[in-house]
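Visitor: Here it is, the structure in full.
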Amino acid sequence: MRAILAITDGDDGGAALLLDGRLVAAVNEERLNRLKMSIGFPRLAVREVLRLGGIGPGDVDHVAMAAHTEVHVPVAKPNKGWFQRASAVGRIRNEIGSALARPLGNFPPAFAAYRALKRVTMGRRRNGVRSALRELGVRAPITYHEHHRCHTLASHEASGFGDTVSISLDGGGDGCCSHVWVLEDGRDELLNTLDSFHSIGNFYAYVTHLCGYRATIHEGKITGLSASGEPRYLDMFRQLITFRDGQIRNIGRVYHTSAIAAMRNMLPADWEHEDLAASVQTHLEDVAVAYVRHWMQVSGKRRVCLSGGVFANVRLNQKITELPECDAAFVFPAMGDGGLAAGAAFCAWRDAKGLRTSREDSFLPHAYLGPSFGDEEIEAALRNGSVEYWRPDDIEVAAAEFIHDGRVVARFSGAMEFGPRALGNRTIMYHTKDPGVNAWLNKRLRRTEFMPFAPACLAGHEEQLFHWNPASERPARFMTITLDCSDWMKERCPAVVHVDGTARPQIVDPDTNPSFHRIISHYHGLSGIPAIVNTSFNMHEEPIVCTPDDAIRAFVAGELDNLAIGPFMAGKPPAAETTRA
């Protein structure tokens with residue numbers, strides 16, 4: 001089985017392509033249809049990964065679908081958030097779950113009945129998937145793979161660790177919010193499952209909703225906000241959900257709207273958003289770290305793979321790598337449901353080949369698995385976009401010099417990243433010395449963010465910039481972890497240091513992204529600072545840019561100084577004065 005097309009058609013739908021056991025392409029539908037975290041069958045992404053892999057629909061040997069229980073949405077649509085979704089079936093299901101949570105929350109048969117009802121409502125999916133694939137010309141056999149098996153295998157197979165414990169944690173999928181697998185030579189063993197009723201991730205989503213944001217979409221805002229508050233409401237969360245005897249338990253027996261109502265009743269009338277965020281962040285760290293630590297101890301493994309939306313929380317991931325039991329960790333770069341397609345591909349490959357552990361050389365060195373564009377395509381877009389541009393002798397040197405001069409430089413180069421992070425190819429760059437950049441640049445991009453911008457840092461300077469922990473080495477390549485900053489970093493790079501003294505770095509080495517590394521290296525030579533600001537290249541509530549046209553539109557709308565796009569530079573010419581708003 002050479003070519004495996006894998007698809008996730010739920011939240012943040014997308015497709016991936018595995019050729020001879022190697023992940024060669026992965027794209028989420030949102031980047032192509034421009035609907036952030038869109039839900040539904042990803043027709044555009046399917047076509048794109050086949051194009052990137054250089055194969056046609058008839059060359060697909062097998063189709064791997066992520067998750068057993070998803071509502072079939074034939075055409076991808078916007079994701080409005082957990083509490084705003086328009087699906088009548090979804091609203092009814094959530095209201096039933098909310099109403100039955102307290103009387104039946106500790107009654108296991110209720111879980112089974114609820115999942116059976118869910119399966120009935122989703123019976124049309126298989127026919128819909130088969131029909132959609134045939135329309136695209138794909139007639140290969142189709143298999144369906146359990147949600148958390150997809151999560152845990154994605155992280156494990158990309159880690160290159162070989163023997164490990166792989167742990168997922170999220171809001172829920174296929175009836176569970178967690179799996180714990182031991183994966184070692186000759187043995188795949190499922191150690192633990194956790195019903196989605198007991199999801200600590202759901203409680204984080206409830207806080208997102210209470211603070212006025214969209215649950216399951218804007219949790220990153222709560223992580224950033226938490227550093228500005230005090231955990232004054234920690235006791236409330238301790239009465240609702242806890243860690244006990246190796247398990248996470250929803251002791252408050254609340255779910256969805258009943259959880260929102262319970263928390264509103266328990267909070268004081270004058271509660272503060274920052275303090276609520278700090279409280280749920282502290283409790284998440286306490287509970288999730290205890291859970292991960294327990295299963296690392298039970299498994300006897302000192303290397304842990306992490307996946308699922310809860311592990312999008314970079315502060316939590318730092319706490320895990322600081323455990324005395326942890327020698328190394330890996331967080332799958334597309335840790336949320338947008339990464340399930342890659343996991344489904346690995347599930348199908350392992351099932352076909354009878355593999356029981358990943359190869360030590362299977363470490364995913366980068367996430368540049370999306371589309372790239374040639375110079376002619378880029379120049380045609382520049383002409384159509386009516387922007388001034390020129391071709392400098394050396395685009396990397398020109399970009400570094402502009403950054404050193406205080407310009408905001410957007411970058412569009414090479415293959416697009418897979419996952420939620422911009423890792424240098426669809427990135428906005430600036431110097432790290434301006435402590436006010438988060439306010440004025442976010443305003444220009446019409447963003448409402450509380451996390452500071454992340455630093456892209458030269459490999460080899462980790463100990464200069466951070467209190468370096470070797471267990472963080474792999475997550476730090478993908479911007480999936482925070483690290484405590486050194487005094488030197490705090491003094492010289494205030495733009496990327498959070499109020500709690502941490503930063504969320506991307507460590508850039510010359511082998512993974514030589515062009516981006518060269519920009520930072522040249523800037524280092526000019527400034528003495530081996531780091532630059534790296535924030536995603538997108539406007540507020542839009543996906544990261546994918547095509548040259550997307551990049552030019554965002555560049556113009558954001559009123560940025562320059563755009564380094566392929567070998568071309570657009571925007572203000574070298575001699576122009578630059579002023580900050």
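Chain labels run A, B, ... following the order of the structure tokens; each chain numbers its residues from 1, and ligands are numbered from 1 in the order shown.
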Return as an NGL selection string the full set of residues in stretch 346-575 of chain A whose backbone-based DSSP assignment is strand (DSSP E or B).
Guide: :A and (368 or 389-390 or 409-412 or 417 or 426-430 or 454-458 or 466 or 483-485 or 502-503 or 506-508 or 531-536 or 562-565 or 568-571)
Visitor: Which residues are near A:Leu17? Cut-off 7 Å, only C-alpha atoms, ignore same chain within fewer than 5 positions. Put them as an NGL selection string.
Guide: :A and (4-6 or 23-26 or 49)
Visitor: Based on the selection just made, write N, CA and C atoms of those residues as a short mmCIF file (atom, residue, chain, number, x, y, z; two decimals), in the first residue's frame.
Guide:
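Written out: part.cif:
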```
data_model
loop_
_atom_site.label_atom_id
_atom_site.label_comp_id
_atom_site.auth_asym_id
_atom_site.auth_seq_id
_atom_site.Cartn_x
_atom_site.Cartn_y
_atom_site.Cartn_z
N ILE A 4 -1.52 6.56 0.75
CA ILE A 4 -2.65 6.64 1.67
C ILE A 4 -3.11 8.09 1.74
N LEU A 5 -4.34 8.32 1.33
CA LEU A 5 -4.99 9.62 1.48
C LEU A 5 -5.76 9.59 2.79
N ALA A 6 -5.50 10.55 3.66
CA ALA A 6 -6.17 10.59 4.96
C ALA A 6 -6.93 11.89 5.10
N LEU A 23 5.11 11.10 5.54
CA LEU A 23 4.14 12.18 5.42
C LEU A 23 4.72 13.22 4.46
N VAL A 24 4.12 13.35 3.28
CA VAL A 24 4.68 14.24 2.25
C VAL A 24 3.84 15.50 2.05
N ALA A 25 2.59 15.51 2.51
CA ALA A 25 1.74 16.68 2.34
C ALA A 25 0.65 16.65 3.40
N ALA A 26 0.31 17.84 3.91
CA ALA A 26 -0.79 17.97 4.87
C ALA A 26 -1.27 19.41 4.83
N VAL A 49 -3.49 18.02 -1.52
CA VAL A 49 -2.45 17.08 -1.09
C VAL A 49 -2.12 16.09 -2.20
#
```
Visitor: Find the spatial neighbours of stretch 303-319 of chain A, counting only C-alpha atoms, within a cut-off of 9 Å - ignore same-chain residues fewer than 4 positions away - and output them as a ChimeraX atom specification.
Guide: /A:148,151-156,159,161,163-171,177-178,200-201,204,216,219-220,223,281,284-286,288-289,292,296,323,325-337,339,471-472,475,479-483,502,504
Visitor: Generate the output file for the selected residues, C-alpha atoms, as a short mmCIF file (atom, residue, chain, number, x, y, z; two decimals), in the first residue's frame.
Guide:
```cif
data_model
loop_
_atom_site.label_atom_id
_atom_site.label_comp_id
_atom_site.auth_asym_id
_atom_site.auth_seq_id
_atom_site.Cartn_x
_atom_site.Cartn_y
_atom_site.Cartn_z
CA HIS A 148 -7.67 9.34 19.97
CA HIS A 151 -4.05 11.75 17.93
CA THR A 152 -1.63 9.47 19.76
CA LEU A 153 -0.19 7.85 16.64
CA ALA A 154 0.35 11.21 14.93
CA SER A 155 2.50 12.36 17.83
CA HIS A 156 4.30 9.05 18.26
CA SER A 159 8.46 12.00 17.28
CA PHE A 161 11.31 8.38 19.84
CA ASP A 163 9.62 3.37 22.62
CA THR A 164 7.41 5.91 24.39
CA VAL A 165 4.15 6.65 26.15
CA SER A 166 1.75 8.65 23.98
CA ILE A 167 -1.01 10.64 25.71
CA SER A 168 -3.90 12.56 24.17
CA LEU A 169 -6.07 15.06 26.00
CA ASP A 170 -8.83 17.18 24.48
CA GLY A 171 -12.48 18.18 24.72
CA CYS A 177 -11.18 12.90 25.98
CA SER A 178 -7.97 10.91 26.49
CA ILE A 200 -10.52 19.21 31.66
CA GLY A 201 -10.34 20.82 28.21
CA TYR A 204 -11.08 25.64 29.78
CA THR A 216 -12.88 25.73 21.15
CA GLU A 219 -8.50 29.31 24.18
CA GLY A 220 -5.09 30.83 23.38
CA THR A 223 -3.67 31.34 28.20
CA GLN A 281 -4.85 27.86 33.85
CA LEU A 284 -5.37 22.84 34.23
CA GLU A 285 -1.65 22.65 35.00
CA ASP A 286 -2.27 20.94 38.35
CA ALA A 288 -3.15 17.62 33.57
CA VAL A 289 0.43 17.46 34.89
CA VAL A 292 0.55 12.82 32.61
CA MET A 296 4.50 8.14 32.76
CA LEU A 323 8.83 16.78 35.56
CA GLU A 325 10.30 11.71 35.12
CA CYS A 326 10.59 13.45 31.73
CA ASP A 327 13.76 13.08 29.68
CA ALA A 328 12.14 14.30 26.45
CA ALA A 329 8.74 15.34 25.10
CA PHE A 330 7.22 15.81 21.68
CA VAL A 331 4.04 17.74 20.90
CA PHE A 332 2.59 17.05 17.46
CA PRO A 333 2.75 20.41 15.60
CA ALA A 334 -0.92 20.12 14.55
CA MET A 335 -1.93 18.94 18.00
CA GLY A 336 -5.65 19.70 17.69
CA ASP A 337 -8.28 18.06 15.51
CA GLY A 339 -3.90 17.09 12.84
CA ALA A 471 13.58 17.93 27.41
CA SER A 472 12.09 20.90 25.54
CA PRO A 475 8.70 21.14 21.12
CA MET A 479 6.68 26.78 18.99
CA THR A 480 4.60 24.40 21.15
CA ILE A 481 6.15 25.22 24.54
CA THR A 482 7.16 28.15 26.72
CA LEU A 483 10.55 28.52 28.36
CA THR A 502 8.46 33.23 29.65
CA ARG A 504 7.24 30.74 23.26
#
```
Visitor: With only C-alpha atoms as the basis for distance, which of A:Tyr523, A:Tyr368, A:Phe568, A:Tyr206 is at the shortest distance from A:Ile260?
Guide: A:Tyr206
Visitor: Neighbours of A:Trp271 within 10 Å (only C-alpha atoms; same-chain residues fewer than 4 positions away dropped), as a PyMOL selection string?
Guide: chain A and resi 232-233+264+267+275-276
Visitor: Of the residues A:Ala205, A:Leu369, A:Val138, A:Ala459, which is the one nearest to A:Ser521, using only C-alpha atoms?
Guide: A:Ala459
Visitor: Considering only C-alpha atoms, return as a PyMOL selection string whatever protein or nucleic-acid residues lie within 8 Å of stretch 362-367 of chain A, sequence-local ones (same chain, fewer than 6 positions apart) excluded.
Guide: chain A and resi 157-161+333+417-419+478+512
Visitor: Residues within 10 Å of A:Glu30, please, as a PyMOL selection string. Count only C-alpha atoms; anything in the same chain fewer than 3 positions from it doesn't count.
Guide: chain A and resi 12-14+27+33-39+42+44-45+76-79+338+542-546
Visitor: Suppose you want the space between atom CA of A:Tyr213 and atom CA of A:His540; what is it in Å?
Guide: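 Pair atom CA of A:Tyr213 / atom CA of A:His540 returns 13.6 Å.
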Visitor: If you measure from atom CA of A:Gly343 to atom CA of A:Gly414, what distance in Å do you get, rounded to one decimal?
Guide: 24.4 Å
